[in-house]
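To start, the structure itself, in structure tokens.
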There are 2 protein chains.
Amino acid sequence: MKTRDRILQTSLLMFNEQGERNVSTNHIAAALGISPGNLYYHFSNKAEIIFDLFSTYRDIVGNSMVLPVDRPLTFDDKVHYFEIIFQNMWNYRFLHRDLEHLLKESETLRKEYFVFSSTTVALGKAIVKGMVDSGLVIASDDEIDALMLNLWVILTSWASFLQSIEVQKELPSDMDPWALKRGIYQIICLIEPYATDIAREELPALKAAYLGDFDTDPLSLFRGREKS
Amino acid sequence: MKTRDRILQTSLLMFNEQGERNVSTNHIAAALGISPGNLYYHFSNKAEIIFDLFSTYRDIVGNSMVLPVDRPLTFDDKVHYFEIIFQNMWNYRFLHRDLEHLLKESETLRKEYFVFSSTTVALGKAIVKGMVDSGLVIASDDEIDALMLNLWVILTSWASFLQSIEVQKELPSDMDPWALKRGIYQIICLIEPYATDIAREELPALKAAYLGDFDTDPLSLFRGREKS
């Protein structure tokens, strides 16, 4: 792997685990066993590393939110979008975890994040409208707006919410996939009331797959991953 | 006002505006025009101030979530709970804004926050079940669980979400009440699909009151407070 890519990979790992504020370029260089000078050859400062990671994240999310052109949208498509988005929000969780601070530090990131969030929410609305057109969902424009904003807040906050639980329970920071699956379960429950009878037939199996053998009770999540 | 109360009031203001990490006990003493020694007479460190503020917040939220004993629950009661909770989550927003960091720093806070979040979610479930008993809401136990967790994530994340928008739009940090009202609108929309026909009669007027003259489109929120 090229040094540049190794710097990005290690930075992402360290930002996620320790929080971006606690990681300096010197820490990153030391973790890689390279000199700070070598790191600065590739990135002139930490903000450049952060922006590069953000750009990759933005592109992955953007590319995953493309409506199929050859067939109508299915409920599985929708869930597939959320899987990709959730997984990437988790992979790049340092961004949403300390977003306000990161945005304050960089005007470039502030401008690009605004474009990213606006575009993603607009694409999300298009996907929900696609589900209305496919007869999977019945919702007025106002309902789609409110649903979309609730979806956005839950999606962007889920990693922080999980991390606050991890800290409370003193769990390791590489939380198991079950907690991400629970996030998708929550999103399915958020959309479920708007599902048509046809879509509803698929939902119990879909929900069961994401819930796994965990309790629906939020308190069981607070207590950690033990089955109640 | 007593010095102790002035310290708490000023700390809360500074933590909310600047972020708790950027405010030291020396900053607080300087802002109050008192000596660090005088501050230490009342609080032996910053963690004690944070814990005192958290305790007040916890008590306000806890005391506000009491079911009426003399009559059945109304939809207005429910909205009233959310008004108080939202307002206090906003008043003490530094807590949820950087929760993971605060919990990492203090075992006392970690333990008490766990009790607080578990208790509040359990009370929230009791309130939603009260609405089922009052014939305002129809929801299965699983639906109540999923709804409650989504409510909790949105409630605890709303202030951070607003602050990330403020930073993007370079708005002043004392955001107007409209943005809190929009949070309540979002919560009403989250519960609306479960409302019975009787409750639904009240909802359009209630939603209109909280939305005010703003656009339902989430993108209008991203753009700031201008009417679109």
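Ordered as shown in the structure tokens, chains take letters A, B, and onward, while each chain numbers its residues from 1 and ligands are numbered from 1 in the order shown.
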
Chain A contacts on chain B, only C-alpha atoms, 6 Å, as a VMD selection string: chain B and resid 100 110 145 149 164 168 193 216 to 218

Pull C-alpha atoms from the residues just selected and write them as a PDB file, in the first residue's frame.
ATOM      1  CA  GLU B 100     -19.056  10.638  25.100  1.00  0.00           C
ATOM      2  CA  ARG B 110     -21.092   7.750  33.783  1.00  0.00           C
ATOM      3  CA  ASP B 145     -40.168   0.046  22.048  1.00  0.00           C
ATOM      4  CA  LEU B 149     -35.754   4.479  21.035  1.00  0.00           C
ATOM      5  CA  SER B 164     -24.023  21.702  13.363  1.00  0.00           C
ATOM      6  CA  GLN B 168     -22.528  25.747   8.778  1.00  0.00           C
ATOM      7  CA  PRO B 193     -48.943   7.390  12.562  1.00  0.00           C
ATOM      8  CA  THR B 216     -41.715  21.451   6.073  1.00  0.00           C
ATOM      9  CA  ASP B 217     -38.776  20.688   3.738  1.00  0.00           C
ATOM     10  CA  PRO B 218     -35.683  19.663   5.764  1.00  0.00           C
TER      11      PRO B 218
END

Backbone DSSP call of alpha helix (DSSP H) for stretch 67-173 of chain A, listed as a PDB file with C-alpha atoms, in the first residue's frame:
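Below is the file that was written, part.pdb:
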ATOM      1  CA  PHE A  75     -38.356  -2.398  -0.126  1.00  0.00           C
ATOM      2  CA  ASP A  76     -35.148  -4.429  -0.162  1.00  0.00           C
ATOM      3  CA  ASP A  77     -33.487  -1.706  -2.280  1.00  0.00           C
ATOM      4  CA  LYS A  78     -34.394   0.784   0.397  1.00  0.00           C
ATOM      5  CA  VAL A  79     -32.959  -1.347   3.181  1.00  0.00           C
ATOM      6  CA  HIS A  80     -29.857  -1.903   1.063  1.00  0.00           C
ATOM      7  CA  TYR A  81     -29.347   1.895   0.875  1.00  0.00           C
ATOM      8  CA  PHE A  82     -29.555   2.133   4.641  1.00  0.00           C
ATOM      9  CA  GLU A  83     -27.126  -0.749   5.113  1.00  0.00           C
ATOM     10  CA  ILE A  84     -24.506   0.988   2.979  1.00  0.00           C
ATOM     11  CA  ILE A  85     -25.127   4.386   4.570  1.00  0.00           C
ATOM     12  CA  PHE A  86     -25.110   3.051   8.133  1.00  0.00           C
ATOM     13  CA  GLN A  87     -21.986   0.996   7.526  1.00  0.00           C
ATOM     14  CA  ASN A  88     -20.155   4.003   6.122  1.00  0.00           C
ATOM     15  CA  MET A  89     -21.401   6.361   8.776  1.00  0.00           C
ATOM     16  CA  TRP A  90     -19.932   3.883  11.217  1.00  0.00           C
ATOM     17  CA  ASN A  91     -16.671   3.483   9.274  1.00  0.00           C
ATOM     18  CA  ARG A  93     -17.914   7.860  12.630  1.00  0.00           C
ATOM     19  CA  PHE A  94     -15.366  10.431  13.844  1.00  0.00           C
ATOM     20  CA  LEU A  95     -16.976  12.868  11.382  1.00  0.00           C
ATOM     21  CA  HIS A  96     -20.483  12.812  12.868  1.00  0.00           C
ATOM     22  CA  ARG A  97     -19.238  12.256  16.396  1.00  0.00           C
ATOM     23  CA  LEU A  99     -19.113  17.375  13.654  1.00  0.00           C
ATOM     24  CA  GLU A 100     -19.639  20.811  15.145  1.00  0.00           C
ATOM     25  CA  HIS A 101     -15.964  21.038  16.149  1.00  0.00           C
ATOM     26  CA  LEU A 102     -14.720  19.832  12.741  1.00  0.00           C
ATOM     27  CA  LEU A 103     -16.953  22.291  10.902  1.00  0.00           C
ATOM     28  CA  LYS A 104     -15.787  25.151  13.100  1.00  0.00           C
ATOM     29  CA  GLU A 105     -12.160  24.349  12.295  1.00  0.00           C
ATOM     30  CA  GLU A 107     -14.305  26.559   6.114  1.00  0.00           C
ATOM     31  CA  THR A 108     -13.659  24.100   3.253  1.00  0.00           C
ATOM     32  CA  LEU A 109     -15.216  21.241   5.192  1.00  0.00           C
ATOM     33  CA  ARG A 110     -18.094  23.508   6.287  1.00  0.00           C
ATOM     34  CA  LYS A 111     -18.974  24.367   2.689  1.00  0.00           C
ATOM     35  CA  GLU A 112     -18.602  20.806   1.412  1.00  0.00           C
ATOM     36  CA  TYR A 113     -20.514  19.306   4.321  1.00  0.00           C
ATOM     37  CA  PHE A 114     -23.397  21.646   3.597  1.00  0.00           C
ATOM     38  CA  VAL A 115     -23.465  20.431  -0.029  1.00  0.00           C
ATOM     39  CA  PHE A 116     -23.177  16.804   1.124  1.00  0.00           C
ATOM     40  CA  SER A 117     -25.985  16.985   3.702  1.00  0.00           C
ATOM     41  CA  SER A 118     -28.323  18.911   1.384  1.00  0.00           C
ATOM     42  CA  THR A 119     -27.651  16.534  -1.506  1.00  0.00           C
ATOM     43  CA  THR A 120     -28.067  13.408   0.606  1.00  0.00           C
ATOM     44  CA  VAL A 121     -31.358  14.592   2.098  1.00  0.00           C
ATOM     45  CA  ALA A 122     -32.620  15.573  -1.382  1.00  0.00           C
ATOM     46  CA  LEU A 123     -31.628  12.120  -2.725  1.00  0.00           C
ATOM     47  CA  GLY A 124     -33.296  10.514   0.296  1.00  0.00           C
ATOM     48  CA  LYS A 125     -36.513  12.363  -0.508  1.00  0.00           C
ATOM     49  CA  ALA A 126     -36.281  11.162  -4.127  1.00  0.00           C
ATOM     50  CA  ILE A 127     -35.886   7.574  -2.898  1.00  0.00           C
ATOM     51  CA  VAL A 128     -38.920   7.834  -0.585  1.00  0.00           C
ATOM     52  CA  LYS A 129     -40.911   9.383  -3.456  1.00  0.00           C
ATOM     53  CA  GLY A 130     -39.727   6.479  -5.643  1.00  0.00           C
ATOM     54  CA  MET A 131     -41.220   4.128  -3.046  1.00  0.00           C
ATOM     55  CA  VAL A 132     -44.502   6.044  -3.202  1.00  0.00           C
ATOM     56  CA  ASP A 133     -44.490   5.708  -7.013  1.00  0.00           C
ATOM     57  CA  ASP A 141     -45.295  15.487   0.784  1.00  0.00           C
ATOM     58  CA  ASP A 142     -45.399  16.909   4.334  1.00  0.00           C
ATOM     59  CA  GLU A 143     -45.119  13.417   5.789  1.00  0.00           C
ATOM     60  CA  ILE A 144     -42.151  12.622   3.524  1.00  0.00           C
ATOM     61  CA  ASP A 145     -40.454  15.844   4.677  1.00  0.00           C
ATOM     62  CA  ALA A 146     -40.902  15.062   8.370  1.00  0.00           C
ATOM     63  CA  LEU A 147     -39.913  11.411   7.881  1.00  0.00           C
ATOM     64  CA  MET A 148     -36.788  12.419   5.959  1.00  0.00           C
ATOM     65  CA  LEU A 149     -35.622  14.835   8.663  1.00  0.00           C
ATOM     66  CA  ASN A 150     -36.186  12.224  11.388  1.00  0.00           C
ATOM     67  CA  LEU A 151     -34.300   9.678   9.264  1.00  0.00           C
ATOM     68  CA  TRP A 152     -31.410  12.101   8.796  1.00  0.00           C
ATOM     69  CA  VAL A 153     -31.115  12.916  12.509  1.00  0.00           C
ATOM     70  CA  ILE A 154     -31.230   9.225  13.494  1.00  0.00           C
ATOM     71  CA  LEU A 155     -28.742   8.183  10.783  1.00  0.00           C
ATOM     72  CA  THR A 156     -26.213  10.895  11.602  1.00  0.00           C
ATOM     73  CA  SER A 157     -26.601  10.439  15.382  1.00  0.00           C
ATOM     74  CA  TRP A 158     -26.617   6.648  15.614  1.00  0.00           C
ATOM     75  CA  ALA A 159     -22.827   6.219  15.889  1.00  0.00           C
ATOM     76  CA  SER A 160     -22.610   8.862  18.645  1.00  0.00           C
ATOM     77  CA  PHE A 161     -25.511   7.265  20.461  1.00  0.00           C
ATOM     78  CA  LEU A 162     -23.806   3.852  20.332  1.00  0.00           C
ATOM     79  CA  GLN A 163     -20.517   5.326  21.450  1.00  0.00           C
ATOM     80  CA  SER A 164     -22.128   6.974  24.461  1.00  0.00           C
ATOM     81  CA  ILE A 165     -23.498   3.536  25.418  1.00  0.00           C
ATOM     82  CA  GLU A 166     -20.118   1.880  24.850  1.00  0.00           C
ATOM     83  CA  VAL A 167     -18.488   4.361  27.189  1.00  0.00           C
ATOM     84  CA  GLN A 168     -21.150   3.824  29.837  1.00  0.00           C
ATOM     85  CA  LYS A 169     -20.797   0.072  29.672  1.00  0.00           C
TER      86      LYS A 169
END

Can you work out which one of B:Ser134, B:Thr10, B:Ser106, B:Thr196 has the shortest atom-to-atom distance to B:Leu39, counting only C-alpha atoms? B:Thr10
